[in-house]
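Worksheet: the structure to be examined is printed underneath.
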Amino acid sequence: MKQRILLVNESSYLATGFSVYGHEVLKRLHATGKYELAELGCYGDVNDPRRWDVPWTFFPNPPGPGEDATTYGANKLNEFGAWKFERTCLDFRPDVVWDIRDWWMCEFQERSPFRPFYHWALMPTVDGDPQDDQWIATYLNADSVHAYTDWGLEVLRRQSNGRIKTYQAAPPGADVDVLQPVPNKESYKQALGLPPGSLVVGTVMRNQARKLYPDLLEAFATFLREAPEHLRNRTYLYLHTCYPDIGWNLPALLKEFGVGHRVLMTYVCQHCGQSYPSWYADALSNCRNCKQNTAVLPHPSKGVGRDVLAKALNVMDVYVQYAVCEGFGMPQVEAASCGVPVLAVDYSAMADVVRKLHGAPIRVQRYFRETGTPRRLALPDNDHLVSELVRLLSLPSPMRLTMGWRARQAVLEHYTYDRTARIWEELFDAIVPRPAAATWESPTRLHRPDLNIPQGFSNEDFVRWCVAHVAGRPELADGYMSLRMVRDLNWGVTNTGMGGLVFNDASAIGVGSDKEVKKYTREDVVRQLVTLCDMQNHWEKERKNHGQA
Ligand SMILES: [Zn+2]
């Protein structure tokens, strides 16, 4: 019997980070012929013809013809696969349920009535330290936990006192075929219009709040004032990013720091498709190639090709990743793949990746916190960045090229999908499949809620008793859901968060749920646990019918 593996993901034919990862790994697992693979594609429209090109079983998540769009829209978690999860499980009967997304996208899989039937393999993004306690509680109940970086793995181990079943880092891979160094950097840069002998410091970061564009521009302004004359006269900053977007007012920052004449940006022509570095020339400008007024800064939603990215990265002599935190920070690896030496803030994924790439970490000057998550966030030492830039740009160019060559070798060693797929293969091969009689064909477990609740309980004992006897789910008595119920009873209020039986108040981050606070009593606990019991009974009956069909 082949191992049956279900990946819940965004959809392998899309261009999002999770989608690309899923596609690259599934493709390689599929090629081994060892597994039965399926994908629940959260953004995979039922009418999208690309779903038929996927060589493994594909379950689309959004509502199709005849499906109830109102039910789908009523709960935020449905977008992440919650409403199709049990049905998909019954159809596919996975030995392994596998998810590589953020906590709030996968945590519903813990409460599924079918949870006892599958090995639950997670790879959450860990971008800050510490992680939310609620997230740690969820990961404790997974059967195996990988991470995007060794740094993330270490945070999970430390914060759970080693109790999370951590395995290893399984990072995404770079497209090392498209992202290659050019043979002659100097003539390449001149062909793109840069002056002879110019030096370029660059970055590829979305224009969003956590990317430190103001600090980067301020540090660059300092560099232009204080670096030795032979460097500051010919050094440029290259920002491969977008404006307007969801982050910084870049033109205002260029003006404030007086660096507009030394900052290049990528323009992509929407008419002829040509891309080239240019001074900032408004959000819409005349294309250098076809002369139409159709050149824009590359927006992530426009799906700019990796050839455009390779072109931009190859202009750079030094790459800088400058953010308060990163879950991974793929462009660092992509820069290294093009043979560009990397500098990155010495915190979160960056701390791990920059060392593996033989780059130089930039010291953290201090940490700060934001409301909403417990994470520390880093502010780098801008003066250290300036001195590292002076050091690297002062090197004779053959030395920088040698550093770039080592960076590319490191990518080939650590960041390829062949390597990453083997890491997953190792995990799946080590899982001992359980007989169907103990899982999908096991006797139906129905429970009748016991509403004769003994008197005189403390809130804690009340919840513990009800989880076992009303819901019939004693295994959930020590989990976050129960702890959260006790807390809300003690406080007398609850935050409905994403609604329904989802007790994740911190998870509003990233999904913009409204934070409605409601009165909360023991009657609410009983009502919610009856609903949980009903859900289990419903799906257990479905499982029985399914077996007979
Ligand atoms: Zn054009």
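Identifiers for the structure tokens are assigned positionally: chains receive A, B, ... in sequence, residues are indexed from 1 per chain, and ligands are indexed from 1 in the order shown.
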Practice task
Report as a ChimeraX atom specification: the residues of range 155-283 of chain A with a DSSP assignment of strand (DSSP E or B), based on the backbone of this structure.
Solution key: /A:166-169,199-204,211,235-240,263-269,275-279
Surrounding residues of range 185-196 of chain A excluding itself and chain neighbours under 2 positions, 12 Å, only C-alpha atoms, as a PDB file with N, CA, C and O atoms, in the first residue's frame:
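Writing done, so here's around29.pdb:
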ATOM      1  N   GLN A 180      21.225  33.089 -12.391  1.00  0.00           N
ATOM      2  CA  GLN A 180      22.650  32.779 -12.550  1.00  0.00           C
ATOM      3  C   GLN A 180      23.436  34.072 -12.639  1.00  0.00           C
ATOM      4  O   GLN A 180      22.924  35.073 -13.140  1.00  0.00           O
ATOM      5  N   PRO A 181      24.686  34.049 -12.228  1.00  0.00           N
ATOM      6  CA  PRO A 181      25.521  35.241 -12.406  1.00  0.00           C
ATOM      7  C   PRO A 181      25.760  35.503 -13.894  1.00  0.00           C
ATOM      8  O   PRO A 181      25.847  34.566 -14.677  1.00  0.00           O
ATOM      9  N   VAL A 182      25.869  36.789 -14.257  1.00  0.00           N
ATOM     10  CA  VAL A 182      26.239  37.114 -15.648  1.00  0.00           C
ATOM     11  C   VAL A 182      27.753  36.986 -15.784  1.00  0.00           C
ATOM     12  O   VAL A 182      28.479  37.141 -14.800  1.00  0.00           O
ATOM     13  N   PRO A 183      28.256  36.683 -17.001  1.00  0.00           N
ATOM     14  CA  PRO A 183      29.698  36.458 -17.166  1.00  0.00           C
ATOM     15  C   PRO A 183      30.544  37.715 -16.893  1.00  0.00           C
ATOM     16  O   PRO A 183      31.613  37.616 -16.317  1.00  0.00           O
ATOM     17  N   SER A 198      30.765  51.877 -11.796  1.00  0.00           N
ATOM     18  CA  SER A 198      29.787  52.124 -10.727  1.00  0.00           C
ATOM     19  C   SER A 198      29.654  50.902  -9.814  1.00  0.00           C
ATOM     20  O   SER A 198      29.903  49.765 -10.221  1.00  0.00           O
ATOM     21  N   LEU A 199      29.292  51.170  -8.563  1.00  0.00           N
ATOM     22  CA  LEU A 199      29.054  50.114  -7.583  1.00  0.00           C
ATOM     23  C   LEU A 199      27.589  50.190  -7.161  1.00  0.00           C
ATOM     24  O   LEU A 199      27.051  51.281  -6.992  1.00  0.00           O
ATOM     25  N   VAL A 200      26.970  49.021  -6.984  1.00  0.00           N
ATOM     26  CA  VAL A 200      25.537  49.021  -6.696  1.00  0.00           C
ATOM     27  C   VAL A 200      25.235  48.171  -5.461  1.00  0.00           C
ATOM     28  O   VAL A 200      25.599  46.999  -5.391  1.00  0.00           O
ATOM     29  N   ASN A 233      31.477  58.425  -4.605  1.00  0.00           N
ATOM     30  CA  ASN A 233      31.214  59.072  -5.893  1.00  0.00           C
ATOM     31  C   ASN A 233      30.617  58.138  -6.927  1.00  0.00           C
ATOM     32  O   ASN A 233      30.121  58.592  -7.952  1.00  0.00           O
ATOM     33  N   ARG A 234      30.689  56.849  -6.686  1.00  0.00           N
ATOM     34  CA  ARG A 234      30.230  55.942  -7.760  1.00  0.00           C
ATOM     35  C   ARG A 234      29.326  54.815  -7.241  1.00  0.00           C
ATOM     36  O   ARG A 234      29.107  53.823  -7.922  1.00  0.00           O
ATOM     37  N   THR A 235      28.785  54.998  -6.021  1.00  0.00           N
ATOM     38  CA  THR A 235      27.917  53.955  -5.474  1.00  0.00           C
ATOM     39  C   THR A 235      26.442  54.352  -5.587  1.00  0.00           C
ATOM     40  O   THR A 235      26.077  55.495  -5.323  1.00  0.00           O
ATOM     41  N   TYR A 236      25.629  53.388  -5.975  1.00  0.00           N
ATOM     42  CA  TYR A 236      24.190  53.601  -6.152  1.00  0.00           C
ATOM     43  C   TYR A 236      23.425  52.587  -5.289  1.00  0.00           C
ATOM     44  O   TYR A 236      23.931  51.511  -4.985  1.00  0.00           O
ATOM     45  N   LEU A 237      22.203  52.994  -4.914  1.00  0.00           N
ATOM     46  CA  LEU A 237      21.316  52.073  -4.201  1.00  0.00           C
ATOM     47  C   LEU A 237      20.227  51.650  -5.174  1.00  0.00           C
ATOM     48  O   LEU A 237      19.594  52.490  -5.811  1.00  0.00           O
ATOM     49  N   TYR A 238      20.023  50.346  -5.270  1.00  0.00           N
ATOM     50  CA  TYR A 238      19.034  49.816  -6.224  1.00  0.00           C
ATOM     51  C   TYR A 238      17.894  49.162  -5.450  1.00  0.00           C
ATOM     52  O   TYR A 238      18.098  48.176  -4.750  1.00  0.00           O
ATOM     53  N   ARG A 262      20.748  59.158  -6.473  1.00  0.00           N
ATOM     54  CA  ARG A 262      21.613  57.976  -6.368  1.00  0.00           C
ATOM     55  C   ARG A 262      20.820  56.684  -6.168  1.00  0.00           C
ATOM     56  O   ARG A 262      21.398  55.657  -5.838  1.00  0.00           O
ATOM     57  N   VAL A 263      19.507  56.754  -6.318  1.00  0.00           N
ATOM     58  CA  VAL A 263      18.690  55.557  -6.097  1.00  0.00           C
ATOM     59  C   VAL A 263      18.059  55.121  -7.416  1.00  0.00           C
ATOM     60  O   VAL A 263      17.404  55.905  -8.092  1.00  0.00           O
ATOM     61  N   LEU A 264      18.291  53.857  -7.749  1.00  0.00           N
ATOM     62  CA  LEU A 264      17.725  53.274  -8.964  1.00  0.00           C
ATOM     63  C   LEU A 264      16.578  52.349  -8.597  1.00  0.00           C
ATOM     64  O   LEU A 264      16.573  51.748  -7.525  1.00  0.00           O
ATOM     65  N   THR A 266      13.617  49.386 -10.452  1.00  0.00           N
ATOM     66  CA  THR A 266      13.278  48.620 -11.653  1.00  0.00           C
ATOM     67  C   THR A 266      11.977  49.147 -12.245  1.00  0.00           C
ATOM     68  O   THR A 266      10.982  49.259 -11.534  1.00  0.00           O
ATOM     69  N   GLN A 274       9.661  45.104 -21.539  1.00  0.00           N
ATOM     70  CA  GLN A 274      11.062  45.369 -21.231  1.00  0.00           C
ATOM     71  C   GLN A 274      11.214  45.829 -19.769  1.00  0.00           C
ATOM     72  O   GLN A 274      10.338  46.491 -19.236  1.00  0.00           O
ATOM     73  N   SER A 275      12.329  45.452 -19.118  1.00  0.00           N
ATOM     74  CA  SER A 275      12.601  45.970 -17.773  1.00  0.00           C
ATOM     75  C   SER A 275      13.992  46.577 -17.749  1.00  0.00           C
ATOM     76  O   SER A 275      14.878  46.146 -18.495  1.00  0.00           O
ATOM     77  N   TYR A 276      14.184  47.597 -16.891  1.00  0.00           N
ATOM     78  CA  TYR A 276      15.486  48.283 -16.822  1.00  0.00           C
ATOM     79  C   TYR A 276      15.566  49.096 -15.539  1.00  0.00           C
ATOM     80  O   TYR A 276      14.539  49.496 -14.986  1.00  0.00           O
ATOM     81  N   PRO A 277      16.786  49.345 -15.035  1.00  0.00           N
ATOM     82  CA  PRO A 277      16.933  50.212 -13.867  1.00  0.00           C
ATOM     83  C   PRO A 277      16.856  51.684 -14.276  1.00  0.00           C
ATOM     84  O   PRO A 277      17.370  52.058 -15.326  1.00  0.00           O
ATOM     85  N   SER A 278      16.217  52.475 -13.429  1.00  0.00           N
ATOM     86  CA  SER A 278      16.091  53.910 -13.742  1.00  0.00           C
ATOM     87  C   SER A 278      15.979  54.699 -12.441  1.00  0.00           C
ATOM     88  O   SER A 278      15.625  54.152 -11.404  1.00  0.00           O
ATOM     89  N   TRP A 279      16.279  56.018 -12.494  1.00  0.00           N
ATOM     90  CA  TRP A 279      15.952  56.880 -11.363  1.00  0.00           C
ATOM     91  C   TRP A 279      14.466  56.807 -11.146  1.00  0.00           C
ATOM     92  O   TRP A 279      13.707  56.527 -12.086  1.00  0.00           O
ATOM     93  N   ARG A 288      11.708  53.221 -21.723  1.00  0.00           N
ATOM     94  CA  ARG A 288      12.967  53.511 -22.401  1.00  0.00           C
ATOM     95  C   ARG A 288      13.031  52.820 -23.763  1.00  0.00           C
ATOM     96  O   ARG A 288      13.684  53.276 -24.685  1.00  0.00           O
ATOM     97  N   ASN A 289      12.339  51.709 -23.870  1.00  0.00           N
ATOM     98  CA  ASN A 289      12.395  50.909 -25.088  1.00  0.00           C
ATOM     99  C   ASN A 289      11.354  51.329 -26.129  1.00  0.00           C
ATOM    100  O   ASN A 289      11.702  51.719 -27.236  1.00  0.00           O
ATOM    101  N   LYS A 311      17.679  39.886 -13.852  1.00  0.00           N
ATOM    102  CA  LYS A 311      18.269  41.069 -14.467  1.00  0.00           C
ATOM    103  C   LYS A 311      18.599  42.117 -13.394  1.00  0.00           C
ATOM    104  O   LYS A 311      19.679  42.715 -13.407  1.00  0.00           O
ATOM    105  N   ALA A 312      17.651  42.319 -12.461  1.00  0.00           N
ATOM    106  CA  ALA A 312      17.851  43.313 -11.400  1.00  0.00           C
ATOM    107  C   ALA A 312      18.964  42.871 -10.452  1.00  0.00           C
ATOM    108  O   ALA A 312      19.854  43.658 -10.101  1.00  0.00           O
ATOM    109  N   LEU A 313      18.948  41.609 -10.042  1.00  0.00           N
ATOM    110  CA  LEU A 313      19.936  41.136  -9.066  1.00  0.00           C
ATOM    111  C   LEU A 313      21.358  41.202  -9.627  1.00  0.00           C
ATOM    112  O   LEU A 313      22.315  41.476  -8.901  1.00  0.00           O
ATOM    113  N   ASN A 314      21.485  40.967 -10.936  1.00  0.00           N
ATOM    114  CA  ASN A 314      22.821  40.947 -11.519  1.00  0.00           C
ATOM    115  C   ASN A 314      23.465  42.330 -11.632  1.00  0.00           C
ATOM    116  O   ASN A 314      24.662  42.444 -11.868  1.00  0.00           O
ATOM    117  N   VAL A 315      22.646  43.374 -11.439  1.00  0.00           N
ATOM    118  CA  VAL A 315      23.206  44.731 -11.412  1.00  0.00           C
ATOM    119  C   VAL A 315      23.933  44.971 -10.080  1.00  0.00           C
ATOM    120  O   VAL A 315      24.820  45.807  -9.979  1.00  0.00           O
ATOM    121  N   MET A 316      23.563  44.195  -9.032  1.00  0.00           N
ATOM    122  CA  MET A 316      24.025  44.489  -7.672  1.00  0.00           C
ATOM    123  C   MET A 316      25.411  43.902  -7.388  1.00  0.00           C
ATOM    124  O   MET A 316      25.713  42.789  -7.777  1.00  0.00           O
ATOM    125  N   ASP A 317      26.206  44.689  -6.633  1.00  0.00           N
ATOM    126  CA  ASP A 317      27.498  44.198  -6.149  1.00  0.00           C
ATOM    127  C   ASP A 317      27.383  43.661  -4.730  1.00  0.00           C
ATOM    128  O   ASP A 317      28.168  42.813  -4.310  1.00  0.00           O
ATOM    129  N   CYS A 338      22.559  34.484  -7.816  1.00  0.00           N
ATOM    130  CA  CYS A 338      23.157  35.288  -8.893  1.00  0.00           C
ATOM    131  C   CYS A 338      24.589  35.703  -8.546  1.00  0.00           C
ATOM    132  O   CYS A 338      25.166  36.572  -9.217  1.00  0.00           O
ATOM    133  N   GLY A 339      25.153  35.123  -7.497  1.00  0.00           N
ATOM    134  CA  GLY A 339      26.545  35.409  -7.161  1.00  0.00           C
ATOM    135  C   GLY A 339      26.755  36.774  -6.521  1.00  0.00           C
ATOM    136  O   GLY A 339      27.820  37.373  -6.655  1.00  0.00           O
ATOM    137  N   VAL A 340      25.752  37.263  -5.789  1.00  0.00           N
ATOM    138  CA  VAL A 340      25.882  38.553  -5.117  1.00  0.00           C
ATOM    139  C   VAL A 340      26.068  38.315  -3.613  1.00  0.00           C
ATOM    140  O   VAL A 340      25.238  37.640  -3.002  1.00  0.00           O
ATOM    141  N   SER A 397      37.298  44.044  -7.142  1.00  0.00           N
ATOM    142  CA  SER A 397      36.110  43.322  -7.614  1.00  0.00           C
ATOM    143  C   SER A 397      36.335  41.809  -7.759  1.00  0.00           C
ATOM    144  O   SER A 397      35.400  41.037  -7.516  1.00  0.00           O
ATOM    145  N   PRO A 398      37.545  41.319  -8.102  1.00  0.00           N
ATOM    146  CA  PRO A 398      37.689  39.845  -8.137  1.00  0.00           C
ATOM    147  C   PRO A 398      37.420  39.205  -6.767  1.00  0.00           C
ATOM    148  O   PRO A 398      36.896  38.091  -6.700  1.00  0.00           O
ATOM    149  N   ARG A 400      35.274  40.363  -4.497  1.00  0.00           N
ATOM    150  CA  ARG A 400      33.806  40.325  -4.327  1.00  0.00           C
ATOM    151  C   ARG A 400      33.194  39.219  -5.179  1.00  0.00           C
ATOM    152  O   ARG A 400      32.261  38.544  -4.767  1.00  0.00           O
ATOM    153  N   LEU A 401      33.738  39.026  -6.365  1.00  0.00           N
ATOM    154  CA  LEU A 401      33.210  37.959  -7.228  1.00  0.00           C
ATOM    155  C   LEU A 401      33.444  36.593  -6.597  1.00  0.00           C
ATOM    156  O   LEU A 401      32.595  35.700  -6.675  1.00  0.00           O
ATOM    157  N   GLY A 404      30.905  36.134  -4.027  1.00  0.00           N
ATOM    158  CA  GLY A 404      29.648  35.815  -4.701  1.00  0.00           C
ATOM    159  C   GLY A 404      29.603  34.366  -5.166  1.00  0.00           C
ATOM    160  O   GLY A 404      28.575  33.697  -5.073  1.00  0.00           O
TER     161      GLY A 404
END
Practice task
Please check which protein, DNA or RNA residues sit within 9 Å of ligand 1, counting only C-alpha atoms and all ligand atoms, and write them as a PyMOL selection string.
Solution key: chain A and resi 268-275+286-295
Completion exercise
Arg408 in chain A proximity check over A:Pro454, A:Pro63, A:Pro341, A:Gly152, using only C-alpha atoms: winner is A:Pro341
Exercise for the section: Give the helix (DSSP H, G or I) residues of range 409-540 of chain A, as DSSP finds them on the backbone, and put them as a ChimeraX atom specification. Expected result: /A:409-414,417-430,436-438,459-469,474-476,480-491,505-508,522-540
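Checking A:Ala142, A:Cys325, A:Leu153, A:Lys34 one by one against Met1 in chain A, counting only C-alpha atoms, you find the shortest gap at A:Lys34.
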Practice task
Report the distance between CA of Glu540 in chain A and CA of Pro435 in chain A in Å, rounded to one decimal place.
Solution key: 18.1 Å
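Across A:Phe223, A:Trp103, A:Trp151, A:Phe59, the tightest approach to Val390 in chain A is made by A:Phe223 when counting only C-alpha atoms.
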Practice task
Please provide the set of residues having any atom within 10 Å of Asn490 in chain A, restricted to only C-alpha atoms, with same-chain residues fewer than 4 positions apart removed, written as a count of residues only.
Solution key: 8
Problem - Shell around Asp352 in chain A at 10 Å using only C-alpha atoms, local window under 6 positions removed, as an MDAnalysis selection string - result: chainID A and resid 149:152 328 344 346 361
Go ahead and save the residues from that selection, with N, CA, C and O atoms, as a compact mmCIF listing (two decimals), in the first residue's frame.
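Okay, result04.txt is ready:
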# COMPACT_ATOMS: atom_id res chain seq x y z
N THR A 149 13.52 27.46 8.66
CA THR A 149 14.93 27.71 8.97
C THR A 149 15.32 26.98 10.26
O THR A 149 14.46 26.64 11.08
N ASP A 150 16.62 26.79 10.46
CA ASP A 150 17.11 26.22 11.72
C ASP A 150 16.80 27.17 12.87
O ASP A 150 16.58 26.74 13.99
N TRP A 151 16.82 28.46 12.57
CA TRP A 151 16.50 29.46 13.60
C TRP A 151 15.08 29.24 14.13
O TRP A 151 14.84 29.22 15.34
N GLY A 152 14.13 29.05 13.21
CA GLY A 152 12.74 28.83 13.59
C GLY A 152 12.58 27.55 14.41
O GLY A 152 11.84 27.50 15.39
N PHE A 328 11.31 33.84 6.03
CA PHE A 328 12.42 33.22 5.30
C PHE A 328 13.28 34.28 4.60
O PHE A 328 14.47 34.39 4.85
N ALA A 344 22.56 40.93 5.90
CA ALA A 344 21.19 40.84 6.41
C ALA A 344 21.18 41.07 7.91
O ALA A 344 22.17 40.79 8.60
N ASP A 346 20.78 40.58 11.73
CA ASP A 346 21.09 39.37 12.50
C ASP A 346 19.93 38.97 13.41
O ASP A 346 20.06 38.92 14.63
N PRO A 361 26.22 39.16 8.83
CA PRO A 361 25.07 39.66 9.59
C PRO A 361 25.30 41.10 10.04
O PRO A 361 26.41 41.48 10.39
Exercise for the section: Please identify all polymer residues within 12 Å of Glu542 in chain A, counting only C-alpha atoms, omitting same-chain residues fewer than 2 positions from it, and present them as a PyMOL selection string. Expected result: chain A and resi 86-91+113-114+440+444-446+535-540+544-549
